[in-house]
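In what follows, a single structure is set out as structure tokens and then discussed.
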Amino acid sequence: MAVLCANFRTETIGAGLIFSPQLSVSAPNPHRLPSTVAREDEHLLVAAAKKGDLAAFEELVSRYERKIFRLTMNITGNREDAEDAMQDAFLKSYSHLNTFHGDSRFYTWLVRIAANEALMRLRKRRPNQFSLDEPIAGDEDLIPRELQDWGPGPEQRFAQTEMREILSSVIEELEPEYRMVFVLRDIEELSTEDTASALGLSVPAVKSRLLRARLKLRQKLNRYFQQGGAN
Amino acid sequence: MNCDEVIHELSNFLDGELSTAAAEELESHLDECSECKLVVNQTKKTIELYCDSEPVELPTEVRNRLHDALKKKFSETRP
């Protein structure tokens, strides 16, 4: 099942309320559709680009360049690599446009290409430092520690730029094998199946890494968000 | 459902992938366990913050380099 960011974004629980352990928690509605208007005409642009309409392809690039750059930055953690990976992803997507048959959204296909480009550069820069195939640690590291209240919503306590820096620095600390899964699944909104396919992992492996990634990020964010923490 | 089971099912719960019965069981644990509720709420908030983070504007020189490379590619592939 594809579960998207929109499921979380559209929750109506107040930002301040979400932190109170006394209040009820509800799971997001998995049937909500993503609200991105942009995707409505994406297939038309792709069809035009396939017929040689260069302006249509440039429109697709302009539409997604910021998101793809965020993706490659999140994966590589290196500005130069991120720029190169982004550029090569767009060039490759143009070269191979005829192999895109519309089985998924164009953006999903593009994300897979960009993730691969970014991963190749990360591996080159950090050879032997990680493997996506390695078995993950046992269950004992799942137990959450540091259970401090975050108080009122962090969005109210941090300016947008500061919040962006916090999120960026925290995700960079995450081990690549967890970071990749979190980025594709929770930020780029790929389904579990598409994430598994993009990374050459099984669906259970993606689920397991995603759970660990989410828990690890929560714990790392404690440093900034706990009441009286670094801010 | 005990605390360990809640943590193991946390992602499935947040992604809406638990059966109705399992979700209800988990929710009733949360009604009784303030620590698990804190972890569930904070994990959900973590995802929400990353989902909502807007990508930064592409630096002009990076954008120019990208579009120059595209134009070059276009000119190579034109009949």
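By order in the structure tokens, chains are A, B, ...; within a chain, residues start at 1; ligands start at 1, following the order shown.
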Self-check item: Members of chain B assigned alpha helix (DSSP H) by DSSP, as a ChimeraX atom specification
Solution: /B:3-14,20-32,34-52,60-77
Excluding B:Pro55 and any residue of its chain fewer than 4 positions from it, enumerate the residues within 6 Å of it, using only C-alpha atoms, and give them as a PDB file with C-alpha atoms, in the first residue's frame.
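Final file, part_21.pdb:
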ATOM      1  CA  ARG A  66      14.377  21.526  -6.163  1.00  0.00           C
ATOM      2  CA  LYS A  67      12.937  18.257  -4.890  1.00  0.00           C
ATOM      3  CA  ARG A  70      16.906  17.937  -1.814  1.00  0.00           C
TER       4      ARG A  70
END
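The closest residue to A:Pro152, picked from B:Glu9, B:Gln42, B:Glu32, B:Cys51 and counting only C-alpha atoms, is B:Gln42.
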Quiz item: Residues of chain B within 8 Å of chain A, using only C-alpha atoms, as JSON, numbers by chain?
Solution: {"B": [4, 7, 8, 10, 11, 13, 14, 15, 16, 17, 27, 30, 31, 34, 35, 37, 38, 39, 40, 41, 42, 43, 44, 45, 46, 47, 48, 50, 51, 52, 53, 55, 56, 57, 58, 62, 66, 69, 70, 73, 74]}
Selected residues written out with C-alpha atoms, as a PDB file, in the first residue's frame:
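For reference, result-v9.pdb as written:
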ATOM      1  CA  ASP B   4       7.534  -3.914  22.915  1.00  0.00           C
ATOM      2  CA  ILE B   7       7.046  -0.241  19.198  1.00  0.00           C
ATOM      3  CA  HIS B   8       7.281  -3.092  16.696  1.00  0.00           C
ATOM      4  CA  LEU B  10       4.517   1.587  15.341  1.00  0.00           C
ATOM      5  CA  SER B  11       5.238   2.069  11.643  1.00  0.00           C
ATOM      6  CA  PHE B  13       0.088   1.820  12.907  1.00  0.00           C
ATOM      7  CA  LEU B  14       1.204   5.217  11.613  1.00  0.00           C
ATOM      8  CA  ASP B  15       0.975   4.026   8.009  1.00  0.00           C
ATOM      9  CA  GLY B  16      -2.539   2.721   8.551  1.00  0.00           C
ATOM     10  CA  GLU B  17      -1.478  -0.817   7.793  1.00  0.00           C
ATOM     11  CA  GLU B  27      -4.769   2.522  20.874  1.00  0.00           C
ATOM     12  CA  LEU B  30      -1.713   4.082  24.437  1.00  0.00           C
ATOM     13  CA  ASP B  31      -4.614   5.148  26.642  1.00  0.00           C
ATOM     14  CA  SER B  34       1.975   7.611  28.579  1.00  0.00           C
ATOM     15  CA  GLU B  35       5.516   6.606  27.516  1.00  0.00           C
ATOM     16  CA  LYS B  37       1.988   7.547  23.608  1.00  0.00           C
ATOM     17  CA  LEU B  38       4.885   9.986  23.781  1.00  0.00           C
ATOM     18  CA  VAL B  39       6.991   7.837  21.433  1.00  0.00           C
ATOM     19  CA  VAL B  40       4.125   7.368  18.968  1.00  0.00           C
ATOM     20  CA  ASN B  41       3.283  11.082  18.966  1.00  0.00           C
ATOM     21  CA  GLN B  42       6.880  12.188  18.610  1.00  0.00           C
ATOM     22  CA  THR B  43       7.599   9.676  15.839  1.00  0.00           C
ATOM     23  CA  LYS B  44       4.547  10.866  13.981  1.00  0.00           C
ATOM     24  CA  LYS B  45       5.667  14.462  14.455  1.00  0.00           C
ATOM     25  CA  THR B  46       9.142  13.571  13.172  1.00  0.00           C
ATOM     26  CA  ILE B  47       7.691  12.233   9.915  1.00  0.00           C
ATOM     27  CA  GLU B  48       5.395  15.237   9.640  1.00  0.00           C
ATOM     28  CA  TYR B  50      10.288  16.030   7.276  1.00  0.00           C
ATOM     29  CA  CYS B  51       7.221  15.722   5.028  1.00  0.00           C
ATOM     30  CA  ASP B  52       6.449  19.396   5.439  1.00  0.00           C
ATOM     31  CA  SER B  53       9.978  20.674   4.931  1.00  0.00           C
ATOM     32  CA  PRO B  55      12.986  22.126  -0.551  1.00  0.00           C
ATOM     33  CA  VAL B  56      15.254  25.140  -0.698  1.00  0.00           C
ATOM     34  CA  GLU B  57      15.455  27.234  -3.837  1.00  0.00           C
ATOM     35  CA  LEU B  58      18.095  25.892  -6.197  1.00  0.00           C
ATOM     36  CA  VAL B  62      23.442  25.265 -10.029  1.00  0.00           C
ATOM     37  CA  LEU B  66      21.744  22.080 -15.088  1.00  0.00           C
ATOM     38  CA  ALA B  69      23.724  20.752 -19.695  1.00  0.00           C
ATOM     39  CA  LEU B  70      20.169  19.964 -20.782  1.00  0.00           C
ATOM     40  CA  LYS B  73      21.982  17.281 -24.518  1.00  0.00           C
ATOM     41  CA  PHE B  74      18.991  18.478 -26.520  1.00  0.00           C
TER      42      PHE B  74
END
Exercise. Have a look at atom CA of A:Arg79 and atom CA of A:Arg105 and let me know their distance in Å, one decimal.
Key: 27.0 Å
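With atom CA of A:Thr108 on one side and atom CA of A:Met120 on the other, the separation reads 18.4 Å.
The nearest approach to B:Glu5 among the residues B:Glu25, B:Glu61, B:Asp68, B:Glu76, with only C-alpha atoms taken into account, belongs to B:Glu25.
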